[in-house]
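Here is the structure we will look at.
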Amino acid sequence: MNSFKLLLVEDDPLLGEALFEALRGKGFKVRLAKSGAEALAAASDESFDLLLQDVRLPDVDGLDLLADLLQMQPTVHALVMTGQATVEMAVRAMKLGAFDFITKPFSVDVLLLKLERLLEYRGLEKQLEALSEDTATTRTIITRSPAMRTILDTMTIVAASEVALLLQGETGTGRRLLAETIHSMSSRKDKPFIRVNCLALPTQLIEAELFGVEKGALPGADRARAGLLEKASGGTLFLEEIAELPLNIQAGLVKRLEEQSTTRIGGSSHHPLDIRLICATRHDLKLLAAEGRFRRDLLYRINIVTLPIPPLRERREDIPLLASHFVERFAPTREQQIRLTPGLLDALLLRPWSGNLQELSNLIEQLTVLYPGQRIREHQLPPLEDAPLHIGSQFEKIQVGIPLRDAVADFERRYILRVLESLGGQKGRAAEVLGISRKVLWEKLKRQEPEQSEDTAKSACYDIVTDS
């Protein structure tokens, strides 16, 4: 953290000095201002990454000062301090552009958690700035998920080959983008990339669309027309949702792949077939083949290499980065970009995301249209249609007749485990969502009720020890 410069504005000499020493001890470069005038002078002298400001100052209105400081240094991220009686003022400060607020009295651990979150968000913005400077014409794959990084490493290897590739994953996980990226990294990048959504093609037209048709061979065929296999010659053919192809079309595709040539419906001429085949499906093709609903010979030809694409709920660490990316994509100007509050990001992390990246993209676009330029909070999110178990339902699971202390402990245990599960086991993020320090979370997990299975308890302890 020694590269981050923080402006601390606090008129209380004891608290100011205590925070100054604590933050400097954690590696921040801290400048202490004991009044509004000193804060303005400091902002005129040098630039800061972070601002930690009390909203009650003796010589100036705290909100006016905040507005002035944010105008002087628009890239600074502000965290305001407030007493119990001035929470409303802190909320107003956030409307002016403060990132978050912390209520006095507070522990240094809680403050550091807030600053850690703020720095994480600031890091996301920096990553997005770097992405926006990328001169590549294709869209960028945005991730910091270890699972996705492994997939990208594999993609780099297979892109240089000609092997058939199967992308296995749910709808909305970015399969099309991955296929386009593989094509752009291959030797075929200057040739056509033809995408076929097998689910969207009308059954009666699939054969003609894929294989082409000669004039008069079918009703309405008033001219000869090349099929998509021909049009992809020299390039890449991407068959999306290949499991939706009827069995007779699958047989025709197998024949053409074996012969490396294609014949139009009603024709006799053979057209050479020079394509790189990439397929995608949300189904288990081996299971479908065992049930007779997918041809085994086709399965063997399309899955020389299989890439399992994780759903968004299994790569939740990507959600803040992706959300910020979509914020920039859907706002025509920076002034119209929505701003995502910490509470909103926490709510996004806890959603089930059955629609994956597409659902997240649609949500950010909707919020941008409804609240352009505003700070978005949790209550502004649309309700979930298939929401997970509500907290009220969790209470119904608690046994009636046990002491209140035991009931509260039982609910606390269930809720902590639910938050950890939703956040993929990230202890630091879970502690922040729960409003406690990592040390307290550790202690609570060590005191789990013995009804946990032994394996679960060992797993929880292992996660805590290895989580850095």
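Chain identifiers are assigned as A, B, and so on, following the order in which chains appear in the structure tokens; residues are numbered from 1 within each chain, and ligands are numbered from 1 in order of appearance.
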
Name the residues in contact with Leu23 in chain A at a cut-off of 9 Å, using only C-alpha atoms, excluding same-chain residues fewer than 4 positions from it; report them as a compact mmCIF listing (two decimals) with all heavy atoms, in the first residue's frame.
```txt
# COMPACT_ATOMS: atom_id res chain seq x y z
N LEU A 6 -2.85 9.33 0.91
CA LEU A 6 -4.14 9.54 1.57
C LEU A 6 -4.15 10.89 2.28
O LEU A 6 -3.22 11.20 3.04
CB LEU A 6 -4.40 8.41 2.56
CG LEU A 6 -5.75 8.39 3.28
CD1 LEU A 6 -6.18 6.94 3.55
CD2 LEU A 6 -5.70 9.15 4.60
N ALA A 18 -3.98 9.52 16.07
CA ALA A 18 -4.09 8.06 16.17
C ALA A 18 -4.29 7.44 14.78
O ALA A 18 -3.65 6.44 14.43
CB ALA A 18 -5.23 7.68 17.11
N LEU A 19 -5.18 8.05 13.99
CA LEU A 19 -5.42 7.54 12.64
C LEU A 19 -4.19 7.75 11.76
O LEU A 19 -3.86 6.88 10.94
CB LEU A 19 -6.63 8.25 12.02
CG LEU A 19 -8.00 7.89 12.62
CD1 LEU A 19 -9.09 8.75 11.98
CD2 LEU A 19 -8.31 6.41 12.40
N GLY A 27 1.37 1.40 5.76
CA GLY A 27 2.01 1.63 4.47
C GLY A 27 1.46 2.79 3.66
O GLY A 27 1.96 3.06 2.57
N PHE A 28 0.41 3.47 4.15
CA PHE A 28 -0.12 4.61 3.41
C PHE A 28 0.79 5.83 3.58
O PHE A 28 1.41 6.02 4.63
CB PHE A 28 -1.52 4.98 3.91
CG PHE A 28 -2.60 3.99 3.56
CD1 PHE A 28 -2.97 3.00 4.46
CD2 PHE A 28 -3.23 4.03 2.34
CE1 PHE A 28 -3.96 2.09 4.14
CE2 PHE A 28 -4.21 3.12 2.00
CZ PHE A 28 -4.58 2.14 2.91
N LYS A 29 0.86 6.65 2.55
CA LYS A 29 1.51 7.96 2.66
C LYS A 29 0.43 8.95 3.09
O LYS A 29 -0.42 9.33 2.28
CB LYS A 29 2.13 8.36 1.33
CG LYS A 29 3.28 7.46 0.89
CD LYS A 29 3.87 7.92 -0.43
CE LYS A 29 5.05 7.04 -0.85
NZ LYS A 29 5.61 7.47 -2.16
N VAL A 30 0.45 9.37 4.34
CA VAL A 30 -0.65 10.13 4.93
C VAL A 30 -0.25 11.59 5.12
O VAL A 30 0.85 11.89 5.61
CB VAL A 30 -1.08 9.52 6.28
CG1 VAL A 30 -2.33 10.23 6.80
CG2 VAL A 30 -1.33 8.02 6.14
N VAL A 108 -9.88 0.30 14.01
CA VAL A 108 -8.95 0.44 12.88
C VAL A 108 -9.15 -0.70 11.89
O VAL A 108 -9.05 -0.51 10.68
CB VAL A 108 -7.49 0.48 13.39
CG1 VAL A 108 -6.51 0.45 12.21
CG2 VAL A 108 -7.26 1.72 14.23
N LEU A 112 -9.76 -0.27 7.95
CA LEU A 112 -8.88 -0.88 6.96
C LEU A 112 -9.65 -1.74 5.97
O LEU A 112 -9.31 -1.80 4.79
CB LEU A 112 -7.79 -1.71 7.66
CG LEU A 112 -6.74 -0.90 8.43
CD1 LEU A 112 -5.81 -1.84 9.19
CD2 LEU A 112 -5.95 0.01 7.50
```

Can you list, as an NGL selection string, every protein, DNA or RNA residue that comes within 7 Å of range 214-216 of chain A when you count only C-alpha atoms, leaving out same-chain residues fewer than 6 positions away?
:A and (222-225 or 264-267)

Could those selected residues go to a file with all heavy atoms, as a short mmCIF file (atom, residue, chain, number, x, y, z; two decimals), in the first residue's frame?
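Contents of out_36.cif, as written:
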```
data_model
loop_
_atom_site.label_atom_id
_atom_site.label_comp_id
_atom_site.auth_asym_id
_atom_site.auth_seq_id
_atom_site.Cartn_x
_atom_site.Cartn_y
_atom_site.Cartn_z
N ASP A 222 -35.38 -20.29 -55.98
CA ASP A 222 -35.38 -19.74 -57.33
C ASP A 222 -33.98 -19.47 -57.86
O ASP A 222 -33.79 -19.00 -58.99
CB ASP A 222 -36.21 -18.45 -57.38
CG ASP A 222 -35.75 -17.43 -56.35
OD1 ASP A 222 -34.85 -17.78 -55.54
OD2 ASP A 222 -36.28 -16.30 -56.35
N ARG A 223 -32.99 -19.77 -57.04
CA ARG A 223 -31.60 -19.60 -57.47
C ARG A 223 -30.71 -20.51 -56.63
O ARG A 223 -31.09 -20.93 -55.53
CB ARG A 223 -31.15 -18.14 -57.31
CG ARG A 223 -31.25 -17.61 -55.90
CD ARG A 223 -30.89 -16.14 -55.81
NE ARG A 223 -31.08 -15.62 -54.47
CZ ARG A 223 -30.18 -15.71 -53.49
NH1 ARG A 223 -29.03 -16.34 -53.71
NH2 ARG A 223 -30.43 -15.20 -52.30
N ALA A 224 -29.54 -20.79 -57.13
CA ALA A 224 -28.58 -21.59 -56.38
C ALA A 224 -28.01 -20.75 -55.24
O ALA A 224 -27.78 -19.55 -55.39
CB ALA A 224 -27.47 -22.07 -57.30
N ARG A 225 -27.81 -21.40 -54.11
CA ARG A 225 -27.34 -20.66 -52.94
C ARG A 225 -26.33 -21.51 -52.17
O ARG A 225 -26.58 -22.69 -51.88
CB ARG A 225 -28.52 -20.29 -52.04
CG ARG A 225 -28.18 -19.43 -50.85
CD ARG A 225 -29.41 -18.64 -50.39
NE ARG A 225 -30.58 -19.50 -50.28
CZ ARG A 225 -30.91 -20.15 -49.15
NH1 ARG A 225 -30.13 -20.04 -48.09
NH2 ARG A 225 -31.99 -20.89 -49.11
N ARG A 264 -24.40 -29.38 -52.22
CA ARG A 264 -25.66 -28.68 -52.00
C ARG A 264 -26.84 -29.61 -52.24
O ARG A 264 -26.73 -30.60 -52.97
CB ARG A 264 -25.76 -27.47 -52.94
CG ARG A 264 -24.68 -26.43 -52.73
CD ARG A 264 -24.78 -25.33 -53.78
NE ARG A 264 -23.65 -24.41 -53.69
CZ ARG A 264 -23.44 -23.42 -54.56
NH1 ARG A 264 -24.27 -23.26 -55.59
NH2 ARG A 264 -22.39 -22.62 -54.40
N ILE A 265 -27.94 -29.29 -51.62
CA ILE A 265 -29.17 -30.07 -51.82
C ILE A 265 -29.57 -29.97 -53.30
O ILE A 265 -29.66 -28.87 -53.85
CB ILE A 265 -30.31 -29.54 -50.93
CG1 ILE A 265 -29.92 -29.66 -49.46
CG2 ILE A 265 -31.60 -30.30 -51.20
CD1 ILE A 265 -30.91 -28.99 -48.52
N GLY A 266 -29.80 -31.13 -53.92
CA GLY A 266 -30.18 -31.15 -55.33
C GLY A 266 -29.02 -31.05 -56.28
O GLY A 266 -29.21 -31.00 -57.50
N GLY A 267 -27.79 -31.00 -55.76
CA GLY A 267 -26.63 -30.86 -56.62
C GLY A 267 -25.75 -32.10 -56.58
O GLY A 267 -25.93 -33.00 -55.76
#
```

- Message: Can you tell me which residues surround His271 in chain A at a distance of at most 8 Å, considering only C-alpha atoms, apart from same-chain residues fewer than 2 positions away, and format the answer as a PyMOL selection string?
- Response: chain A and resi 230+261-263+269+273

request  = Compare A:Arg414, A:Arg282, A:Lys114, A:Arg256 by their minimum atom-to-atom distance to Pro311 in chain A, counting only C-alpha atoms, and give me the closest one.
outcome  =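 Using only C-alpha atoms, the shortest distance to Pro311 in chain A belongs to A:Arg282.
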
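Here CA of Leu345 in chain A and CA of Gly62 in chain A stand 26.7 Å from one another.
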
### Task
List the neighbours of Leu51 in chain A out to 7 Å using only C-alpha atoms; skip same-chain residues closer than 2 positions along the sequence, and give me the result as a list in words.
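With the cut-off at 7 Å, the set is Leu6, Leu7, Leu8, Gln53, Val76, His77, Ala78 and Leu79 of chain A.
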
Selection to disk with all heavy atoms, as a PDB file, in the first residue's frame:
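Contents of result.pdb, as written:
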```
ATOM      1  N   LEU A   6      -2.848   9.332   0.909  1.00  0.00           N
ATOM      2  CA  LEU A   6      -4.139   9.542   1.568  1.00  0.00           C
ATOM      3  C   LEU A   6      -4.149  10.889   2.276  1.00  0.00           C
ATOM      4  O   LEU A   6      -3.224  11.203   3.037  1.00  0.00           O
ATOM      5  CB  LEU A   6      -4.399   8.414   2.556  1.00  0.00           C
ATOM      6  CG  LEU A   6      -5.747   8.391   3.282  1.00  0.00           C
ATOM      7  CD1 LEU A   6      -6.181   6.943   3.553  1.00  0.00           C
ATOM      8  CD2 LEU A   6      -5.701   9.148   4.604  1.00  0.00           C
ATOM      9  N   LEU A   7      -5.199  11.663   2.015  1.00  0.00           N
ATOM     10  CA  LEU A   7      -5.412  12.923   2.722  1.00  0.00           C
ATOM     11  C   LEU A   7      -6.396  12.675   3.850  1.00  0.00           C
ATOM     12  O   LEU A   7      -7.550  12.302   3.610  1.00  0.00           O
ATOM     13  CB  LEU A   7      -5.952  13.995   1.773  1.00  0.00           C
ATOM     14  CG  LEU A   7      -6.331  15.339   2.413  1.00  0.00           C
ATOM     15  CD1 LEU A   7      -5.136  15.978   3.106  1.00  0.00           C
ATOM     16  CD2 LEU A   7      -6.911  16.293   1.363  1.00  0.00           C
ATOM     17  N   LEU A   8      -5.946  12.855   5.095  1.00  0.00           N
ATOM     18  CA  LEU A   8      -6.779  12.660   6.282  1.00  0.00           C
ATOM     19  C   LEU A   8      -7.217  14.025   6.809  1.00  0.00           C
ATOM     20  O   LEU A   8      -6.373  14.867   7.133  1.00  0.00           O
ATOM     21  CB  LEU A   8      -5.984  11.897   7.346  1.00  0.00           C
ATOM     22  CG  LEU A   8      -6.602  11.782   8.740  1.00  0.00           C
ATOM     23  CD1 LEU A   8      -7.928  11.038   8.694  1.00  0.00           C
ATOM     24  CD2 LEU A   8      -5.622  11.094   9.696  1.00  0.00           C
ATOM     25  N   GLN A  53     -12.248  11.849   5.336  1.00  0.00           N
ATOM     26  CA  GLN A  53     -12.643  13.165   5.846  1.00  0.00           C
ATOM     27  C   GLN A  53     -13.786  13.087   6.834  1.00  0.00           C
ATOM     28  O   GLN A  53     -14.766  12.371   6.619  1.00  0.00           O
ATOM     29  CB  GLN A  53     -13.063  14.067   4.677  1.00  0.00           C
ATOM     30  CG  GLN A  53     -13.489  15.467   5.124  1.00  0.00           C
ATOM     31  CD  GLN A  53     -14.357  16.173   4.096  1.00  0.00           C
ATOM     32  OE1 GLN A  53     -14.113  16.062   2.914  1.00  0.00           O
ATOM     33  NE2 GLN A  53     -15.373  16.890   4.560  1.00  0.00           N
ATOM     34  N   VAL A  76      -9.867  11.268  -7.002  1.00  0.00           N
ATOM     35  CA  VAL A  76      -9.687  10.810  -5.625  1.00  0.00           C
ATOM     36  C   VAL A  76     -10.922  10.027  -5.176  1.00  0.00           C
ATOM     37  O   VAL A  76     -12.043  10.314  -5.605  1.00  0.00           O
ATOM     38  CB  VAL A  76      -9.421  11.996  -4.675  1.00  0.00           C
ATOM     39  CG1 VAL A  76     -10.704  12.764  -4.372  1.00  0.00           C
ATOM     40  CG2 VAL A  76      -8.792  11.512  -3.373  1.00  0.00           C
ATOM     41  N   HIS A  77     -10.734   9.014  -4.341  1.00  0.00           N
ATOM     42  CA  HIS A  77     -11.830   8.229  -3.802  1.00  0.00           C
ATOM     43  C   HIS A  77     -12.004   8.588  -2.328  1.00  0.00           C
ATOM     44  O   HIS A  77     -11.059   8.452  -1.543  1.00  0.00           O
ATOM     45  CB  HIS A  77     -11.556   6.728  -3.948  1.00  0.00           C
ATOM     46  CG  HIS A  77     -11.652   6.254  -5.361  1.00  0.00           C
ATOM     47  ND1 HIS A  77     -10.736   6.613  -6.325  1.00  0.00           N
ATOM     48  CD2 HIS A  77     -12.562   5.465  -5.981  1.00  0.00           C
ATOM     49  CE1 HIS A  77     -11.073   6.052  -7.478  1.00  0.00           C
ATOM     50  NE2 HIS A  77     -12.170   5.353  -7.302  1.00  0.00           N
ATOM     51  N   ALA A  78     -13.206   9.037  -1.980  1.00  0.00           N
ATOM     52  CA  ALA A  78     -13.442   9.593  -0.656  1.00  0.00           C
ATOM     53  C   ALA A  78     -14.211   8.646   0.250  1.00  0.00           C
ATOM     54  O   ALA A  78     -15.189   8.021  -0.162  1.00  0.00           O
ATOM     55  CB  ALA A  78     -14.211  10.920  -0.780  1.00  0.00           C
ATOM     56  N   LEU A  79     -13.749   8.567   1.496  1.00  0.00           N
ATOM     57  CA  LEU A  79     -14.434   7.841   2.559  1.00  0.00           C
ATOM     58  C   LEU A  79     -14.674   8.847   3.673  1.00  0.00           C
ATOM     59  O   LEU A  79     -13.734   9.462   4.175  1.00  0.00           O
ATOM     60  CB  LEU A  79     -13.566   6.678   3.058  1.00  0.00           C
ATOM     61  CG  LEU A  79     -14.080   5.866   4.242  1.00  0.00           C
ATOM     62  CD1 LEU A  79     -15.337   5.095   3.854  1.00  0.00           C
ATOM     63  CD2 LEU A  79     -13.006   4.902   4.726  1.00  0.00           C
TER      64      LEU A  79
END
```

Residues of range 229-434 of chain A classed as strand (DSSP E or B) by DSSP on the backbone are to be reported as JSON, numbers by chain. {"A": [236, 237, 238, 239, 240, 261, 262, 265, 271, 272, 276, 277, 278, 279, 280, 281, 305, 306, 307, 308, 339, 340, 375, 376]}

How would the residues just chosen look if you wrote them out with C-alpha atoms as a short mmCIF file (atom, residue, chain, number, x, y, z; two decimals), in the first residue's frame?
```cif
data_model
loop_
_atom_site.label_atom_id
_atom_site.label_comp_id
_atom_site.auth_asym_id
_atom_site.auth_seq_id
_atom_site.Cartn_x
_atom_site.Cartn_y
_atom_site.Cartn_z
CA THR A 236 -13.95 -20.86 -38.77
CA LEU A 237 -17.44 -22.32 -38.48
CA PHE A 238 -18.99 -21.82 -35.04
CA LEU A 239 -22.00 -24.07 -34.40
CA GLU A 240 -23.77 -22.74 -31.32
CA SER A 261 -16.29 -31.68 -49.00
CA THR A 262 -19.89 -30.50 -49.14
CA ILE A 265 -29.17 -30.07 -51.82
CA HIS A 271 -17.11 -28.20 -52.90
CA PRO A 272 -13.90 -28.60 -50.84
CA ARG A 276 -11.93 -24.90 -38.42
CA LEU A 277 -14.90 -26.26 -36.45
CA ILE A 278 -15.84 -24.85 -33.05
CA CYS A 279 -19.04 -26.04 -31.39
CA ALA A 280 -20.85 -24.98 -28.24
CA THR A 281 -23.53 -26.60 -26.12
CA VAL A 305 -10.54 -30.58 -27.13
CA THR A 306 -13.31 -29.62 -24.70
CA LEU A 307 -13.27 -26.38 -22.70
CA PRO A 308 -15.70 -26.32 -19.74
CA ARG A 339 -21.64 4.66 -10.11
CA LEU A 340 -21.76 1.40 -8.22
CA ARG A 375 -24.93 6.35 -7.62
CA ILE A 376 -26.78 3.04 -7.60
#
```

Residues within 12 Å of range 284-286 of chain A, please, as a list in words. Count only C-alpha atoms; anything in the same chain fewer than 5 positions from it doesn't count.
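With the cut-off at 12 Å, the set is Leu166, Leu167, Gln168, Gly169, Glu170, Glu241, Ile242, Ala243, Glu244, Cys279, Glu291, Gly292, Arg293, Phe294, Arg295, Arg296, Asp297, Leu298, Leu299, Tyr300, Ile302, Asn303, Thr306 and Pro308 of chain A.
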
Could you turn the residues from that selection into a file that holds N, CA, C and O atoms, as a CSV table (one decimal), in the first residue's frame?
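To be explicit, this is the file written out as part-v5.csv:
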```
chain,number,residue,atom,x,y,z
A,166,LEU,N,-14.8,-28.0,-28.6
A,166,LEU,CA,-16.2,-28.0,-28.0
A,166,LEU,C,-16.2,-27.1,-26.8
A,166,LEU,O,-15.4,-27.3,-25.8
A,167,LEU,N,-17.0,-26.1,-26.8
A,167,LEU,CA,-17.2,-25.2,-25.6
A,167,LEU,C,-18.4,-25.6,-24.9
A,167,LEU,O,-19.5,-25.5,-25.3
A,168,GLN,N,-18.2,-26.1,-23.7
A,168,GLN,CA,-19.2,-26.7,-22.8
A,168,GLN,C,-19.6,-25.7,-21.7
A,168,GLN,O,-18.8,-25.4,-20.9
A,169,GLY,N,-20.8,-25.2,-21.8
A,169,GLY,CA,-21.2,-24.2,-20.8
A,169,GLY,C,-22.6,-23.7,-20.9
A,169,GLY,O,-23.2,-23.8,-22.0
A,170,GLU,N,-23.1,-23.1,-19.9
A,170,GLU,CA,-24.5,-22.5,-19.9
A,170,GLU,C,-24.6,-21.4,-20.9
A,170,GLU,O,-23.6,-20.7,-21.3
A,241,GLU,N,-25.0,-24.2,-29.8
A,241,GLU,CA,-26.1,-25.1,-29.5
A,241,GLU,C,-26.3,-26.3,-30.5
A,241,GLU,O,-27.3,-26.5,-31.0
A,242,ILE,N,-25.2,-27.0,-30.7
A,242,ILE,CA,-25.1,-28.0,-31.7
A,242,ILE,C,-26.1,-29.2,-31.4
A,242,ILE,O,-26.5,-29.9,-32.2
A,243,ALA,N,-26.4,-29.3,-30.1
A,243,ALA,CA,-27.3,-30.4,-29.7
A,243,ALA,C,-28.7,-30.3,-30.2
A,243,ALA,O,-29.4,-31.2,-30.2
A,244,GLU,N,-29.0,-29.1,-30.7
A,244,GLU,CA,-30.3,-28.8,-31.2
A,244,GLU,C,-30.5,-29.3,-32.7
A,244,GLU,O,-31.6,-29.2,-33.2
A,279,CYS,N,-17.6,-25.8,-31.8
A,279,CYS,CA,-19.0,-26.0,-31.4
A,279,CYS,C,-19.3,-25.6,-29.9
A,279,CYS,O,-18.3,-25.6,-29.1
A,291,GLU,N,-28.4,-41.7,-24.8
A,291,GLU,CA,-29.8,-41.8,-24.9
A,291,GLU,C,-30.3,-41.8,-26.3
A,291,GLU,O,-31.5,-41.9,-26.6
A,292,GLY,N,-29.4,-41.8,-27.3
A,292,GLY,CA,-29.7,-41.9,-28.7
A,292,GLY,C,-30.2,-40.6,-29.3
A,292,GLY,O,-30.7,-40.5,-30.4
A,293,ARG,N,-30.0,-39.5,-28.6
A,293,ARG,CA,-30.4,-38.1,-29.0
A,293,ARG,C,-29.3,-37.3,-29.7
A,293,ARG,O,-29.5,-36.2,-30.1
A,294,PHE,N,-28.1,-37.9,-29.7
A,294,PHE,CA,-27.0,-37.2,-30.4
A,294,PHE,C,-26.1,-38.3,-30.9
A,294,PHE,O,-25.8,-39.3,-30.3
A,295,ARG,N,-25.6,-38.1,-32.2
A,295,ARG,CA,-24.8,-39.1,-32.8
A,295,ARG,C,-23.4,-39.2,-32.2
A,295,ARG,O,-22.7,-38.2,-32.1
A,296,ARG,N,-23.0,-40.4,-31.9
A,296,ARG,CA,-21.7,-40.7,-31.3
A,296,ARG,C,-20.6,-40.3,-32.3
A,296,ARG,O,-19.6,-39.7,-31.9
A,297,ASP,N,-20.8,-40.6,-33.6
A,297,ASP,CA,-19.7,-40.3,-34.5
A,297,ASP,C,-19.5,-38.8,-34.7
A,297,ASP,O,-18.4,-38.4,-34.9
A,298,LEU,N,-20.6,-38.1,-34.5
A,298,LEU,CA,-20.4,-36.6,-34.6
A,298,LEU,C,-19.7,-36.1,-33.3
A,298,LEU,O,-18.9,-35.2,-33.3
A,299,LEU,N,-20.1,-36.7,-32.1
A,299,LEU,CA,-19.5,-36.3,-30.9
A,299,LEU,C,-18.0,-36.5,-30.9
A,299,LEU,O,-17.2,-35.6,-30.5
A,300,TYR,N,-17.5,-37.6,-31.5
A,300,TYR,CA,-16.1,-37.9,-31.5
A,300,TYR,C,-15.4,-36.9,-32.4
A,300,TYR,O,-14.2,-36.7,-32.3
A,302,ILE,N,-16.2,-33.6,-32.9
A,302,ILE,CA,-16.3,-32.2,-32.5
A,302,ILE,C,-15.6,-31.9,-31.2
A,302,ILE,O,-15.5,-30.7,-30.9
A,303,ASN,N,-15.3,-32.9,-30.4
A,303,ASN,CA,-14.7,-32.6,-29.1
A,303,ASN,C,-13.3,-33.2,-28.9
A,303,ASN,O,-13.0,-33.8,-27.9
A,306,THR,N,-12.1,-30.2,-25.3
A,306,THR,CA,-13.3,-29.6,-24.7
A,306,THR,C,-12.9,-28.6,-23.6
A,306,THR,O,-12.1,-28.9,-22.8
A,308,PRO,N,-14.5,-26.5,-20.6
A,308,PRO,CA,-15.7,-26.3,-19.7
A,308,PRO,C,-15.7,-24.9,-19.3
A,308,PRO,O,-14.8,-24.4,-18.5
```

Requested in this report: Run DSSP on the backbone and grab whatever in range 231-406 of chain A lands in alpha helix (DSSP H); send it over as number ranges by chain.
Outcome: A: 231, 247-259, 285-290, 296-302, 319-330, 342-350, 356-370, 391-396, 404-406

Write out, as a compact mmCIF listing (two decimals), in the first residue's frame, the residues just selected, with C-alpha atoms.
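Saved to out-v9.txt:
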```
# COMPACT_ATOMS: atom_id res chain seq x y z
CA LYS A 231 -19.17 -19.60 -46.88
CA LEU A 247 -30.37 -36.37 -36.13
CA ASN A 248 -30.68 -36.42 -39.93
CA ILE A 249 -28.80 -33.12 -40.17
CA GLN A 250 -26.17 -34.47 -37.78
CA ALA A 251 -25.71 -37.43 -40.17
CA GLY A 252 -25.26 -35.07 -43.11
CA LEU A 253 -22.70 -33.04 -41.17
CA VAL A 254 -20.73 -36.15 -40.23
CA LYS A 255 -20.61 -37.25 -43.89
CA ARG A 256 -19.30 -33.89 -45.04
CA LEU A 257 -16.69 -33.73 -42.28
CA GLU A 258 -15.47 -37.22 -43.18
CA GLU A 259 -15.24 -36.45 -46.89
CA LEU A 285 -23.47 -34.53 -25.17
CA LYS A 286 -22.19 -37.85 -23.83
CA LEU A 287 -25.46 -38.30 -21.95
CA LEU A 288 -27.48 -37.35 -25.03
CA ALA A 289 -25.45 -39.79 -27.12
CA ALA A 290 -26.12 -42.57 -24.60
CA ARG A 296 -21.71 -40.65 -31.29
CA ASP A 297 -19.73 -40.34 -34.52
CA LEU A 298 -20.41 -36.59 -34.56
CA LEU A 299 -19.50 -36.29 -30.88
CA TYR A 300 -16.10 -37.88 -31.54
CA ARG A 301 -15.42 -35.42 -34.36
CA ILE A 302 -16.29 -32.19 -32.54
CA ILE A 319 -18.54 -9.69 -11.08
CA PRO A 320 -17.23 -6.24 -9.93
CA LEU A 321 -14.84 -6.04 -12.88
CA LEU A 322 -17.47 -7.09 -15.40
CA ALA A 323 -20.07 -4.73 -13.90
CA SER A 324 -17.66 -1.79 -14.19
CA HIS A 325 -16.90 -2.78 -17.78
CA PHE A 326 -20.60 -2.79 -18.65
CA VAL A 327 -21.01 0.60 -16.96
CA GLU A 328 -18.53 2.06 -19.44
CA ARG A 329 -20.00 0.19 -22.39
CA PHE A 330 -23.58 1.41 -21.96
CA PRO A 342 -20.26 -0.91 -2.12
CA GLY A 343 -23.69 -2.08 -1.03
CA LEU A 344 -24.76 -2.54 -4.63
CA LEU A 345 -21.63 -4.56 -5.42
CA ASP A 346 -22.29 -6.77 -2.40
CA ALA A 347 -25.84 -7.36 -3.63
CA LEU A 348 -24.55 -8.29 -7.07
CA LEU A 349 -22.14 -10.79 -5.55
CA LEU A 350 -25.00 -12.54 -3.76
CA ASN A 356 -24.72 -15.45 -16.43
CA LEU A 357 -22.86 -12.58 -18.15
CA GLN A 358 -25.82 -11.73 -20.35
CA GLU A 359 -28.01 -11.21 -17.30
CA LEU A 360 -25.40 -8.95 -15.69
CA SER A 361 -25.01 -7.00 -18.92
CA ASN A 362 -28.77 -6.52 -19.22
CA LEU A 363 -29.03 -5.38 -15.61
CA ILE A 364 -26.31 -2.73 -15.94
CA GLU A 365 -27.86 -1.49 -19.18
CA GLN A 366 -31.25 -1.22 -17.47
CA LEU A 367 -29.81 0.72 -14.52
CA THR A 368 -27.95 3.05 -16.91
CA VAL A 369 -31.17 3.85 -18.76
CA LEU A 370 -33.20 4.38 -15.57
CA ILE A 391 -33.96 -14.80 5.31
CA GLY A 392 -37.49 -15.15 6.67
CA SER A 393 -37.53 -18.71 5.39
CA GLN A 394 -34.25 -19.32 7.17
CA PHE A 395 -35.92 -18.38 10.45
CA GLU A 396 -38.64 -20.93 9.75
CA LEU A 404 -33.28 -17.47 22.29
CA ARG A 405 -29.49 -17.47 22.57
CA ASP A 406 -29.28 -20.85 20.81
```

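Across the structure, CA of Asp61 in chain A and CA of Glu120 in chain A are spaced 29.6 Å apart.
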
Across A:Thr140, A:Ser161, A:Thr203, A:Asn197, the smallest distance to Leu228 in chain A, with only C-alpha atoms counted, is shown by A:Asn197

Worksheet item: Separation of CA of Trp353 in chain A and CA of Leu312 in chain A, in Å?
Response: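 Going from CA of Trp353 in chain A over to CA of Leu312 in chain A, I get 6.5 Å.
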